[in-house]
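As provided, data_32.pdb (PDB, C-alpha atoms and all ligand atoms) reads as follows.
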```
ATOM      1  CA  MET A1412       0.000   0.000   0.000
ATOM      2  CA  SER A1413       1.195   3.537  -0.788
ATOM      3  CA  ASP A1414       2.269   5.568   2.228
ATOM      4  CA  ASN A1415       1.448   8.787   0.327
ATOM      5  CA  SER A1416       4.977  10.042   0.756
ATOM      6  CA  GLU A1417       4.871  12.153  -2.425
ATOM      7  CA  PRO A1418       5.330  15.830  -1.599
ATOM      8  CA  ILE A1419       2.746  18.607  -1.661
ATOM      9  CA  GLY A1420       3.702  21.001  -4.483
ATOM     10  CA  VAL A1421       3.326  24.734  -3.914
ATOM     11  CA  PHE A1422       4.032  27.529  -6.357
ATOM     12  CA  ASP A1423       4.038  31.292  -6.210
ATOM     13  CA  SER A1424       5.307  34.157  -8.349
ATOM     14  CA  GLY A1425       8.202  34.582  -5.927
ATOM     15  CA  LEU A1426       8.940  34.151  -2.263
ATOM     16  CA  GLY A1427       5.600  35.450  -0.907
ATOM     17  CA  GLY A1428       4.083  31.963  -1.079
ATOM     18  CA  LEU A1429       6.423  30.958   1.736
ATOM     19  CA  THR A1430       3.756  32.448   4.054
ATOM     20  CA  VAL A1431       1.552  29.569   2.840
ATOM     21  CA  VAL A1432       4.381  27.028   3.271
ATOM     22  CA  LYS A1433       4.859  28.219   6.847
ATOM     23  CA  GLU A1434       1.200  27.477   7.586
ATOM     24  CA  LEU A1435       1.349  24.114   5.755
ATOM     25  CA  ILE A1436       4.320  23.048   7.880
ATOM     26  CA  TRP A1437       2.565  24.286  11.023
ATOM     27  CA  GLN A1438      -0.687  22.443  10.269
ATOM     28  CA  MET A1439       0.849  19.344   8.584
ATOM     29  CA  PRO A1440       4.354  18.827   9.991
ATOM     30  CA  ASN A1441       4.533  15.295   8.566
ATOM     31  CA  GLU A1442       4.149  16.274   4.897
ATOM     32  CA  HIS A1443       7.043  16.648   2.444
ATOM     33  CA  ILE A1444       6.805  19.923   0.512
ATOM     34  CA  VAL A1445       8.305  21.106  -2.778
ATOM     35  CA  TYR A1446       8.031  24.850  -3.300
ATOM     36  CA  TYR A1447       8.623  26.635  -6.582
ATOM     37  CA  GLY A1448       9.063  30.417  -6.542
ATOM     38  CA  ASP A1449       9.256  32.077  -9.944
ATOM     39  CA  THR A1450      11.656  34.707  -8.642
ATOM     40  CA  ALA A1451      12.903  35.503 -12.171
ATOM     41  CA  ARG A1452       9.476  36.727 -13.297
ATOM     42  CA  VAL A1453       7.943  38.170 -10.111
ATOM     43  CA  PRO A1454       5.727  40.231  -9.844
ATOM     44  CA  TYR A1455       2.735  38.588 -11.513
ATOM     45  CA  GLY A1456       0.338  41.136 -10.011
ATOM     46  CA  THR A1457       1.102  43.718 -12.703
ATOM     47  CA  LYS A1458       1.129  41.270 -15.660
ATOM     48  CA  SER A1459      -1.561  40.401 -18.216
ATOM     49  CA  ARG A1460      -4.031  37.548 -17.828
ATOM     50  CA  GLU A1461      -2.362  35.654 -20.735
ATOM     51  CA  SER A1462       1.119  35.841 -19.199
ATOM     52  CA  ILE A1463      -0.138  34.827 -15.757
ATOM     53  CA  ILE A1464      -1.888  31.765 -17.252
ATOM     54  CA  ARG A1465       1.202  30.775 -19.256
ATOM     55  CA  PHE A1466       3.567  31.169 -16.301
ATOM     56  CA  SER A1467       1.206  29.200 -14.052
ATOM     57  CA  HIS A1468       1.132  26.248 -16.489
ATOM     58  CA  GLU A1469       4.916  26.221 -16.651
ATOM     59  CA  ASN A1470       5.108  26.275 -12.860
ATOM     60  CA  VAL A1471       2.841  23.221 -12.530
ATOM     61  CA  GLU A1472       4.959  21.359 -15.131
ATOM     62  CA  ILE A1473       8.037  21.999 -12.980
ATOM     63  CA  LEU A1474       6.327  20.719  -9.806
ATOM     64  CA  LEU A1475       5.083  17.587 -11.575
ATOM     65  CA  LYS A1476       8.700  16.614 -12.294
ATOM     66  CA  TYR A1477       8.988  16.201  -8.517
ATOM     67  CA  ASN A1478       6.051  13.786  -8.457
ATOM     68  CA  VAL A1479       3.826  15.989  -6.297
ATOM     69  CA  LYS A1480       0.528  14.506  -5.038
ATOM     70  CA  MET A1481      -1.277  17.833  -5.187
ATOM     71  CA  VAL A1482      -0.609  21.423  -6.200
ATOM     72  CA  VAL A1483      -1.250  24.492  -4.080
ATOM     73  CA  VAL A1484      -1.504  27.629  -6.199
ATOM     74  CA  ALA A1485      -0.292  29.973  -3.464
ATOM     75  CA  CYS A1486      -0.263  33.056  -5.688
ATOM     76  CA  ASN A1487      -3.509  35.051  -5.615
ATOM     77  CA  SER A1488      -2.861  36.523  -9.066
ATOM     78  CA  SER A1489      -2.437  33.004 -10.545
ATOM     79  CA  SER A1490      -5.439  31.699  -8.621
ATOM     80  CA  SER A1491      -7.551  34.586  -9.961
ATOM     81  CA  TYR A1492      -6.738  34.070 -13.621
ATOM     82  CA  ALA A1493      -5.401  30.565 -14.147
ATOM     83  CA  MET A1494      -7.305  28.131 -11.903
ATOM     84  CA  LYS A1495      -9.844  27.008 -14.522
ATOM     85  CA  ASP A1496      -7.165  26.536 -17.179
ATOM     86  CA  LEU A1497      -4.903  24.638 -14.806
ATOM     87  CA  ARG A1498      -7.717  22.293 -13.761
ATOM     88  CA  LYS A1499      -8.439  21.622 -17.441
ATOM     89  CA  GLY A1500      -4.791  21.016 -18.268
ATOM     90  CA  PHE A1501      -3.707  18.804 -15.351
ATOM     91  CA  SER A1502      -5.323  15.925 -13.472
ATOM     92  CA  VAL A1503      -3.424  16.401 -10.188
ATOM     93  CA  PRO A1504      -5.697  17.787  -7.380
ATOM     94  CA  MET A1505      -5.294  21.547  -6.965
ATOM     95  CA  VAL A1506      -6.132  24.080  -4.304
ATOM     96  CA  GLY A1507      -6.111  27.791  -5.095
ATOM     97  CA  VAL A1508      -6.240  30.624  -2.614
ATOM     98  CA  ILE A1509      -9.452  32.410  -3.657
ATOM     99  CA  HIS A1510     -12.095  29.924  -2.467
ATOM    100  CA  PRO A1511     -10.701  29.326   1.047
ATOM    101  CA  GLY A1512     -10.358  33.081   1.675
ATOM    102  CA  ALA A1513     -13.770  33.893   0.196
ATOM    103  CA  GLN A1514     -15.469  31.121   2.179
ATOM    104  CA  ALA A1515     -13.880  32.272   5.445
ATOM    105  CA  ALA A1516     -15.047  35.850   4.795
ATOM    106  CA  VAL A1517     -18.614  34.718   4.033
ATOM    107  CA  LYS A1518     -18.686  32.861   7.362
ATOM    108  CA  MET A1519     -17.157  35.784   9.231
ATOM    109  CA  THR A1520     -19.108  38.844   8.066
ATOM    110  CA  ARG A1521     -22.032  40.031  10.159
ATOM    111  CA  ASN A1522     -22.970  43.158   8.196
ATOM    112  CA  ASN A1523     -22.457  41.627   4.701
ATOM    113  CA  ARG A1524     -19.756  44.159   3.789
ATOM    114  CA  VAL A1525     -16.433  42.528   2.913
ATOM    115  CA  GLY A1526     -13.219  44.192   1.754
ATOM    116  CA  VAL A1527     -10.507  42.586  -0.383
ATOM    117  CA  ILE A1528      -6.982  43.959  -0.692
ATOM    118  CA  ALA A1529      -4.704  42.400  -3.311
ATOM    119  CA  THR A1530      -2.536  43.059  -6.370
ATOM    120  CA  SER A1531      -3.971  44.990  -9.330
ATOM    121  CA  ALA A1532      -4.347  41.739 -11.318
ATOM    122  CA  THR A1533      -6.349  40.030  -8.579
ATOM    123  CA  ILE A1534      -8.634  43.035  -8.042
ATOM    124  CA  GLN A1535      -9.153  43.507 -11.796
ATOM    125  CA  SER A1536     -10.055  39.843 -12.264
ATOM    126  CA  GLY A1537     -13.081  40.323  -9.958
ATOM    127  CA  GLU A1538     -12.599  36.721  -8.845
ATOM    128  CA  TYR A1539     -13.013  37.312  -5.090
ATOM    129  CA  ALA A1540     -16.257  39.262  -5.640
ATOM    130  CA  ARG A1541     -17.604  36.542  -7.997
ATOM    131  CA  THR A1542     -16.713  33.739  -5.616
ATOM    132  CA  ILE A1543     -18.223  35.512  -2.597
ATOM    133  CA  GLY A1544     -21.348  36.279  -4.679
ATOM    134  CA  GLY A1545     -21.607  32.572  -5.484
ATOM    135  CA  TYR A1546     -21.905  31.827  -1.746
ATOM    136  CA  ASN A1547     -24.105  34.761  -0.777
ATOM    137  CA  LYS A1548     -25.477  37.359  -3.204
ATOM    138  CA  ARG A1549     -26.341  39.846  -0.464
ATOM    139  CA  ILE A1550     -22.694  40.405   0.467
ATOM    140  CA  LYS A1551     -21.208  43.604  -0.942
ATOM    141  CA  VAL A1552     -17.533  43.331  -1.844
ATOM    142  CA  PHE A1553     -15.180  46.321  -1.870
ATOM    143  CA  GLY A1554     -11.835  45.704  -3.626
ATOM    144  CA  ARG A1555      -8.675  47.776  -3.341
ATOM    145  CA  ALA A1556      -5.329  47.163  -5.056
ATOM    146  CA  CYS A1557      -2.396  47.909  -2.717
ATOM    147  CA  PRO A1558       0.705  47.425  -4.949
ATOM    148  CA  LEU A1559       3.130  49.170  -2.584
ATOM    149  CA  PHE A1560       2.473  46.579   0.139
ATOM    150  CA  VAL A1561       4.535  43.985  -1.811
ATOM    151  CA  PRO A1562       7.897  45.853  -1.743
ATOM    152  CA  LEU A1563       7.225  47.066   1.817
ATOM    153  CA  ALA A1564       6.808  43.454   2.979
ATOM    154  CA  GLU A1565       9.937  42.339   1.095
ATOM    155  CA  GLU A1566      11.892  45.183   2.654
ATOM    156  CA  GLY A1567      10.788  43.986   6.088
ATOM    157  CA  TRP A1568       9.096  47.318   6.859
ATOM    158  CA  PHE A1569       6.201  45.679   8.652
ATOM    159  CA  HIS A1570       5.581  48.273  11.377
ATOM    160  CA  LYS A1571       7.309  51.433  10.095
ATOM    161  CA  GLU A1572       5.625  54.814  10.164
ATOM    162  CA  VAL A1573       5.768  55.067   6.369
ATOM    163  CA  THR A1574       4.011  51.680   6.060
ATOM    164  CA  GLU A1575       1.242  52.868   8.353
ATOM    165  CA  LYS A1576       0.868  56.100   6.332
ATOM    166  CA  ILE A1577       0.589  54.158   3.074
ATOM    167  CA  ALA A1578      -1.842  51.733   4.682
ATOM    168  CA  ARG A1579      -4.026  54.663   5.852
ATOM    169  CA  GLU A1580      -4.121  55.995   2.292
ATOM    170  CA  TYR A1581      -4.971  52.623   0.723
ATOM    171  CA  LEU A1582      -7.467  51.535   3.356
ATOM    172  CA  ALA A1583      -9.391  54.807   3.757
ATOM    173  CA  PRO A1584     -12.103  53.870   1.187
ATOM    174  CA  LEU A1585     -12.589  50.498   2.900
ATOM    175  CA  LYS A1586     -13.005  52.160   6.289
ATOM    176  CA  LYS A1587     -15.509  54.532   4.713
ATOM    177  CA  ALA A1588     -17.362  51.548   3.241
ATOM    178  CA  ARG A1589     -17.851  50.212   6.816
ATOM    179  CA  ILE A1590     -16.619  46.708   6.039
ATOM    180  CA  ASP A1591     -16.462  44.337   9.009
ATOM    181  CA  THR A1592     -14.236  41.707   7.328
ATOM    182  CA  LEU A1593     -11.097  42.175   5.232
ATOM    183  CA  ILE A1594      -9.467  39.502   3.069
ATOM    184  CA  LEU A1595      -5.671  39.765   2.809
ATOM    185  CA  GLY A1596      -5.736  38.629  -0.832
ATOM    186  CA  CYS A1597      -2.012  38.603  -1.548
ATOM    187  CA  THR A1598       0.768  36.319  -0.357
ATOM    188  CA  HIS A1599       2.732  39.249   1.083
ATOM    189  CA  TYR A1600       0.039  40.930   3.144
ATOM    190  CA  PRO A1601      -0.016  38.590   6.186
ATOM    191  CA  LEU A1602       3.388  40.092   7.029
ATOM    192  CA  LEU A1603       1.759  43.533   7.370
ATOM    193  CA  LYS A1604      -1.156  42.200   9.387
ATOM    194  CA  LYS A1605      -0.457  44.186  12.567
ATOM    195  CA  THR A1606      -0.261  47.510  10.728
ATOM    196  CA  ILE A1607      -3.362  46.720   8.649
ATOM    197  CA  GLN A1608      -5.262  45.746  11.822
ATOM    198  CA  LYS A1609      -4.164  48.947  13.558
ATOM    199  CA  VAL A1610      -5.380  51.075  10.655
ATOM    200  CA  MET A1611      -8.683  49.218  10.194
ATOM    201  CA  GLY A1612      -9.403  48.995  13.949
ATOM    202  CA  GLU A1613      -9.922  45.948  16.160
ATOM    203  CA  ASP A1614     -13.561  45.480  15.094
ATOM    204  CA  VAL A1615     -12.619  44.523  11.534
ATOM    205  CA  LYS A1616     -11.759  40.834  11.192
ATOM    206  CA  LEU A1617      -8.787  40.035   8.946
ATOM    207  CA  ILE A1618      -8.829  36.886   6.825
ATOM    208  CA  ASP A1619      -5.280  35.585   6.433
ATOM    209  CA  SER A1620      -5.473  33.494   3.287
ATOM    210  CA  ALA A1621      -2.300  31.520   4.153
ATOM    211  CA  ARG A1622      -4.028  30.015   7.185
ATOM    212  CA  THR A1623      -7.323  29.242   5.446
ATOM    213  CA  VAL A1624      -5.523  27.694   2.448
ATOM    214  CA  ALA A1625      -3.494  25.366   4.684
ATOM    215  CA  LYS A1626      -6.730  24.276   6.379
ATOM    216  CA  GLN A1627      -8.270  23.530   2.985
ATOM    217  CA  VAL A1628      -5.202  21.524   1.872
ATOM    218  CA  LYS A1629      -5.404  19.516   5.098
ATOM    219  CA  SER A1630      -9.044  18.668   4.557
ATOM    220  CA  VAL A1631      -8.441  17.663   0.897
ATOM    221  CA  LEU A1632      -5.665  15.291   2.021
ATOM    222  CA  GLU A1633      -7.912  13.854   4.740
ATOM    223  CA  GLU A1634     -10.931  13.425   2.460
ATOM    224  CA  THR A1635      -8.895  11.786  -0.310
ATOM    225  CA  LYS A1636      -6.851   9.728   2.191
ATOM    226  CA  ARG A1637      -3.574  11.074   0.874
ATOM    227  CA  GLN A1638      -1.910  11.992   4.182
ATOM    228  CA  ARG A1639       1.660  10.806   4.443
ATOM    229  CA  GLN A1640       2.001   7.779   6.728
ATOM    230  CA  GLY A1641       5.825   7.650   7.022
ATOM    231  CA  LYS A1642       7.349   8.726  10.313
ATOM    232  CA  ALA A1643      10.771   9.942   9.157
ATOM    233  CA  LYS A1644      11.248  13.723   9.415
ATOM    234  CA  ALA A1645       9.489  15.615   6.601
ATOM    235  CA  ARG A1646      11.731  17.107   3.895
ATOM    236  CA  HIS A1647      11.180  20.502   2.294
ATOM    237  CA  LYS A1648      12.714  21.567  -1.021
ATOM    238  CA  PHE A1649      12.748  25.099  -2.359
ATOM    239  CA  LEU A1650      13.159  25.689  -6.078
ATOM    240  CA  ILE A1651      13.589  29.170  -7.528
ATOM    241  CA  SER A1652      14.097  30.502 -11.053
ATOM    242  CA  ASP A1653      16.513  33.237 -10.002
ATOM    243  CA  ARG A1654      18.404  34.163  -6.890
ATOM    244  CA  PRO A1655      17.238  37.643  -5.901
ATOM    245  CA  GLN A1656      19.593  39.989  -4.115
ATOM    246  CA  GLU A1657      19.332  39.452  -0.366
ATOM    247  CA  PHE A1658      17.515  36.199  -1.068
ATOM    248  CA  GLU A1659      18.311  34.710   2.355
ATOM    249  CA  SER A1660      16.943  37.617   4.339
ATOM    250  CA  ILE A1661      13.779  37.953   2.213
ATOM    251  CA  ALA A1662      13.092  34.212   2.448
ATOM    252  CA  LYS A1663      13.624  34.315   6.205
ATOM    253  CA  LYS A1664      11.106  37.125   6.592
ATOM    254  CA  PHE A1665       8.443  35.018   4.894
ATOM    255  CA  LEU A1666       9.195  31.620   6.378
ATOM    256  CA  GLY A1667      10.853  32.521   9.662
ATOM    257  CA  ASP A1668      13.596  29.946   8.948
ATOM    258  CA  ASP A1669      16.838  29.919   6.995
ATOM    259  CA  ILE A1670      16.220  27.845   3.851
ATOM    260  CA  SER A1671      19.364  28.722   1.933
ATOM    261  CA  LYS A1672      20.762  25.173   2.263
ATOM    262  CA  SER A1673      17.718  23.518   0.695
ATOM    263  CA  VAL A1674      17.404  25.843  -2.302
ATOM    264  CA  LYS A1675      17.942  24.809  -5.902
ATOM    265  CA  TYR A1676      17.759  26.870  -9.123
ATOM    266  CA  VAL A1677      15.702  25.400 -11.933
TER     267      VAL A1677
HETATM  268  N1  LIG B   1       2.207  36.352  -5.152
HETATM  269  C1  LIG B   1       1.469  37.511  -5.631
HETATM  270  C2  LIG B   1       0.003  37.385  -5.239
HETATM  271  O1  LIG B   1      -0.354  36.767  -4.253
HETATM  272  C3  LIG B   1       2.039  38.790  -5.079
HETATM  273  C4  LIG B   1       3.322  39.213  -5.732
HETATM  274  C5  LIG B   1       3.195  39.393  -7.228
HETATM  275  O2  LIG B   1       2.640  40.417  -7.689
HETATM  276  O3  LIG B   1       3.634  38.506  -7.934
HETATM  277  O4  LIG B   1      -0.828  37.904  -5.937
END
```
Mind turning this structure into structure tokens?
Ligand code: DGL
Amino acid sequence: MSDNSEPIGVFDSGLGGLTVVKELIWQMPNEHIVYYGDTARVPYGTKSRESIIRFSHENVEILLKYNVKMVVVACNSSSSYAMKDLRKGFSVPMVGVIHPGAQAAVKMTRNNRVGVIATSATIQSGEYARTIGGYNKRIKVFGRACPLFVPLAEEGWFHKEVTEKIAREYLAPLKKARIDTLILGCTHYPLLKKTIQKVMGEDVKLIDSARTVAKQVKSVLEETKRQRQGKAKARHKFLISDRPQEFESIAKKFLGDDISKSVKYV
């Protein structure tokens, strides 16, 4: 009998998806993981739909070479534009980040006013609003692209004054819209959670998509009986398409651990 020791495959446009890996390791410490970060072509959030779909297909092809048992599309921009195409093109089970985040927001909101902050591509796709509407048509969704949050997170400026100022500017329309729930619809935003919470106020509930995605992956593995049975320590591999400057420190900000020894360029 198979002990389901094939790894979970995860891809993102760059290193931001390591926030999802961190949650996967936390919630499923026994699973092997192969991560692919397309660091040569990041950001996806400013690219066209066609390019995002093409890059996403190529990323899945790379993960399949490592015999992954499922694919987690950790990038919100890819999940917004490429999920349908990927499901058509590949038979491996896939989890994107839109549904888990949308579902959590639908459960959470009390006043039916939900905000979404994400890259320009994700907001333009309208995918969060469509998915939330599919669960509950009465919920009003307010989207806001916050492109400067990505470099601020990579710089490690999580709690700086300038970050708070920028957050106030971006989030003002959402405060005005009286949302009670806010989806952090980008891999990088969980790192700015404290500042975003401070600006929005304690009454607004933040949906951290990394956490909800990991929960969804766990339930898919349980339902399909694909959980790894082996007891030897889980192995994690990190593949990247380019080594960005200050790679180690950026990766450490996202994952909390030094991964430089388990990194390979592909
Ligand atoms: N990973 C992207 C996302 O979640 C953010 C960075 C990018 O623009 O590629 O949408």
So which residues get picked by the PyMOL selection byres (((chain A and resi 1453) around 10) and not hetatm) here, written as a CSV table (one decimal) with C-alpha atoms, in the coordinates of the input?
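The new file result-v2.csv reads:
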```
chain,number,residue,atom,x,y,z
A,1423,ASP,CA,4.0,31.3,-6.2
A,1424,SER,CA,5.3,34.2,-8.3
A,1425,GLY,CA,8.2,34.6,-5.9
A,1426,LEU,CA,8.9,34.2,-2.3
A,1427,GLY,CA,5.6,35.4,-0.9
A,1448,GLY,CA,9.1,30.4,-6.5
A,1449,ASP,CA,9.3,32.1,-9.9
A,1450,THR,CA,11.7,34.7,-8.6
A,1451,ALA,CA,12.9,35.5,-12.2
A,1452,ARG,CA,9.5,36.7,-13.3
A,1454,PRO,CA,5.7,40.2,-9.8
A,1455,TYR,CA,2.7,38.6,-11.5
A,1456,GLY,CA,0.3,41.1,-10.0
A,1457,THR,CA,1.1,43.7,-12.7
A,1458,LYS,CA,1.1,41.3,-15.7
A,1652,SER,CA,14.1,30.5,-11.1
A,1653,ASP,CA,16.5,33.2,-10.0
```
Produce the centre coordinates and the three edge lengths, each in Å to one decimal, of the box along x, y and z that contains all listed atoms of segment 1517-1523 of chain A with 8 Å added on each side, as AutoDock Vina command-line options.
```
--center_x -20.1 --center_y 38.0 --center_z 7.1 --size_x 21.8 --size_y 26.3 --size_z 22.1
```
From A:Arg1465, A:Lys1576, A:His1599, A:Lys1499, residue lying nearest Ile1528 of chain A [all atoms listed in the file]: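 Ranked by minimum distance to Ile1528 of chain A, first place goes to A:His1599.
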Write out as an mmCIF file with C-alpha atoms, in the frame of the given file each polymer residue whose atoms come within 12 Å of Val1432 of chain A, counting all atoms listed in the file; drop sequence neighbours fewer than 3 positions from it.
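The new file around-v5.cif reads:
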```cif
data_model
loop_
_atom_site.group_PDB
_atom_site.id
_atom_site.type_symbol
_atom_site.label_atom_id
_atom_site.label_comp_id
_atom_site.auth_asym_id
_atom_site.auth_seq_id
_atom_site.Cartn_x
_atom_site.Cartn_y
_atom_site.Cartn_z
ATOM 1 C CA ILE A 1419 2.746 18.607 -1.661
ATOM 2 C CA GLY A 1420 3.702 21.001 -4.483
ATOM 3 C CA VAL A 1421 3.326 24.734 -3.914
ATOM 4 C CA PHE A 1422 4.032 27.529 -6.357
ATOM 5 C CA ASP A 1423 4.038 31.292 -6.210
ATOM 6 C CA LEU A 1426 8.940 34.151 -2.263
ATOM 7 C CA GLY A 1427 5.600 35.450 -0.907
ATOM 8 C CA GLY A 1428 4.083 31.963 -1.079
ATOM 9 C CA LEU A 1429 6.423 30.958 1.736
ATOM 10 C CA LEU A 1435 1.349 24.114 5.755
ATOM 11 C CA ILE A 1436 4.320 23.048 7.880
ATOM 12 C CA TRP A 1437 2.565 24.286 11.023
ATOM 13 C CA GLN A 1438 -0.687 22.443 10.269
ATOM 14 C CA MET A 1439 0.849 19.344 8.584
ATOM 15 C CA PRO A 1440 4.354 18.827 9.991
ATOM 16 C CA GLU A 1442 4.149 16.274 4.897
ATOM 17 C CA HIS A 1443 7.043 16.648 2.444
ATOM 18 C CA ILE A 1444 6.805 19.923 0.512
ATOM 19 C CA VAL A 1445 8.305 21.106 -2.778
ATOM 20 C CA TYR A 1446 8.031 24.850 -3.300
ATOM 21 C CA TYR A 1447 8.623 26.635 -6.582
ATOM 22 C CA GLY A 1448 9.063 30.417 -6.542
ATOM 23 C CA VAL A 1483 -1.250 24.492 -4.080
ATOM 24 C CA VAL A 1484 -1.504 27.629 -6.199
ATOM 25 C CA ALA A 1485 -0.292 29.973 -3.464
ATOM 26 C CA CYS A 1486 -0.263 33.056 -5.688
ATOM 27 C CA THR A 1598 0.768 36.319 -0.357
ATOM 28 C CA SER A 1620 -5.473 33.494 3.287
ATOM 29 C CA ALA A 1621 -2.300 31.520 4.153
ATOM 30 C CA ARG A 1622 -4.028 30.015 7.185
ATOM 31 C CA VAL A 1624 -5.523 27.694 2.448
ATOM 32 C CA ALA A 1625 -3.494 25.366 4.684
ATOM 33 C CA LYS A 1626 -6.730 24.276 6.379
ATOM 34 C CA VAL A 1628 -5.202 21.524 1.872
ATOM 35 C CA HIS A 1647 11.180 20.502 2.294
ATOM 36 C CA LYS A 1648 12.714 21.567 -1.021
ATOM 37 C CA PHE A 1649 12.748 25.099 -2.359
ATOM 38 C CA ALA A 1662 13.092 34.212 2.448
ATOM 39 C CA PHE A 1665 8.443 35.018 4.894
ATOM 40 C CA LEU A 1666 9.195 31.620 6.378
ATOM 41 C CA GLY A 1667 10.853 32.521 9.662
ATOM 42 C CA ASP A 1668 13.596 29.946 8.948
ATOM 43 C CA ILE A 1670 16.220 27.845 3.851
#
```
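Atom pair atom C4 of ligand LIG 1 (chain B) / atom CA of Leu1595 of chain A has a distance of 12.4 Å (rounded to one decimal).
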Atomic distance atom CA of Gly1641 of chain A - atom CA of Ile1473 of chain A, expressed in Å with one decimal: 24.7 Å
Minimum-distance residue to ligand LIG 1 (chain B), chosen among A:Ser1467, A:Ser1502, A:Ser1673, A:Gln1638 (using all atoms listed in the file):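 Once distances to ligand LIG 1 (chain B) are computed over all atoms listed in the file, the minimum belongs to A:Ser1467.
In this structure, atom CA of Ala1564 of chain A sits 23.0 Å away from atom CA of Ser1536 of chain A.
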Nearest-residue call for ligand LIG 1 (chain B), choices A:Pro1655, A:Phe1569, A:Pro1558, A:Val1631, using all atoms listed in the file: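 For ligand LIG 1 (chain B), the nearest of the given residues is A:Pro1558.
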Residue with smallest distance to ligand LIG 1 (chain B) - pool A:Cys1597, A:Pro1562, A:Leu1497, A:Lys1675, counting all atoms listed in the file: A:Cys1597
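Closest approach to ligand LIG 1 (chain B) from the set A:Gly1544, A:Gly1596, A:Pro1584, A:Gly1507 is made by A:Gly1596, with distances taken over all atoms listed in the file.
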What would segment 1531-1545 of chain A look like with N, CA and C atoms restored, written as a PDB file, in the coordinates of the input?
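This went into rebuild20.pdb:
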```
ATOM      1  N   SER A1531      -3.076  44.433  -8.311  1.00  0.00           N
ATOM      2  CA  SER A1531      -3.971  44.990  -9.330  1.00  0.00           C
ATOM      3  C   SER A1531      -4.606  43.869 -10.152  1.00  0.00           C
ATOM      4  N   ALA A1532      -3.815  42.841 -10.505  1.00  0.00           N
ATOM      5  CA  ALA A1532      -4.347  41.739 -11.318  1.00  0.00           C
ATOM      6  C   ALA A1532      -5.500  41.043 -10.604  1.00  0.00           C
ATOM      7  N   THR A1533      -5.309  40.742  -9.333  1.00  0.00           N
ATOM      8  CA  THR A1533      -6.349  40.030  -8.579  1.00  0.00           C
ATOM      9  C   THR A1533      -7.611  40.884  -8.468  1.00  0.00           C
ATOM     10  N   ILE A1534      -7.454  42.164  -8.173  1.00  0.00           N
ATOM     11  CA  ILE A1534      -8.634  43.035  -8.042  1.00  0.00           C
ATOM     12  C   ILE A1534      -9.336  43.149  -9.393  1.00  0.00           C
ATOM     13  N   GLN A1535      -8.543  43.367 -10.466  1.00  0.00           N
ATOM     14  CA  GLN A1535      -9.153  43.507 -11.796  1.00  0.00           C
ATOM     15  C   GLN A1535      -9.896  42.261 -12.248  1.00  0.00           C
ATOM     16  N   SER A1536      -9.413  41.100 -11.835  1.00  0.00           N
ATOM     17  CA  SER A1536     -10.055  39.843 -12.264  1.00  0.00           C
ATOM     18  C   SER A1536     -11.480  39.740 -11.695  1.00  0.00           C
ATOM     19  N   GLY A1537     -11.752  40.385 -10.582  1.00  0.00           N
ATOM     20  CA  GLY A1537     -13.081  40.323  -9.958  1.00  0.00           C
ATOM     21  C   GLY A1537     -13.398  38.960  -9.366  1.00  0.00           C
ATOM     22  N   GLU A1538     -12.371  38.121  -9.234  1.00  0.00           N
ATOM     23  CA  GLU A1538     -12.599  36.721  -8.845  1.00  0.00           C
ATOM     24  C   GLU A1538     -13.084  36.583  -7.387  1.00  0.00           C
ATOM     25  N   TYR A1539     -12.548  37.391  -6.490  1.00  0.00           N
ATOM     26  CA  TYR A1539     -13.013  37.312  -5.090  1.00  0.00           C
ATOM     27  C   TYR A1539     -14.493  37.688  -5.012  1.00  0.00           C
ATOM     28  N   ALA A1540     -14.859  38.795  -5.694  1.00  0.00           N
ATOM     29  CA  ALA A1540     -16.257  39.262  -5.640  1.00  0.00           C
ATOM     30  C   ALA A1540     -17.187  38.192  -6.224  1.00  0.00           C
ATOM     31  N   ARG A1541     -16.776  37.588  -7.358  1.00  0.00           N
ATOM     32  CA  ARG A1541     -17.604  36.542  -7.997  1.00  0.00           C
ATOM     33  C   ARG A1541     -17.768  35.347  -7.071  1.00  0.00           C
ATOM     34  N   THR A1542     -16.665  34.934  -6.470  1.00  0.00           N
ATOM     35  CA  THR A1542     -16.713  33.739  -5.616  1.00  0.00           C
ATOM     36  C   THR A1542     -17.574  33.998  -4.382  1.00  0.00           C
ATOM     37  N   ILE A1543     -17.408  35.170  -3.778  1.00  0.00           N
ATOM     38  CA  ILE A1543     -18.223  35.512  -2.597  1.00  0.00           C
ATOM     39  C   ILE A1543     -19.697  35.578  -3.002  1.00  0.00           C
ATOM     40  N   GLY A1544     -19.969  36.192  -4.173  1.00  0.00           N
ATOM     41  CA  GLY A1544     -21.348  36.279  -4.679  1.00  0.00           C
ATOM     42  C   GLY A1544     -21.966  34.910  -4.893  1.00  0.00           C
ATOM     43  N   GLY A1545     -21.128  33.947  -5.277  1.00  0.00           N
ATOM     44  CA  GLY A1545     -21.607  32.572  -5.484  1.00  0.00           C
ATOM     45  C   GLY A1545     -22.079  31.935  -4.172  1.00  0.00           C
TER      46      GLY A1545
END
```
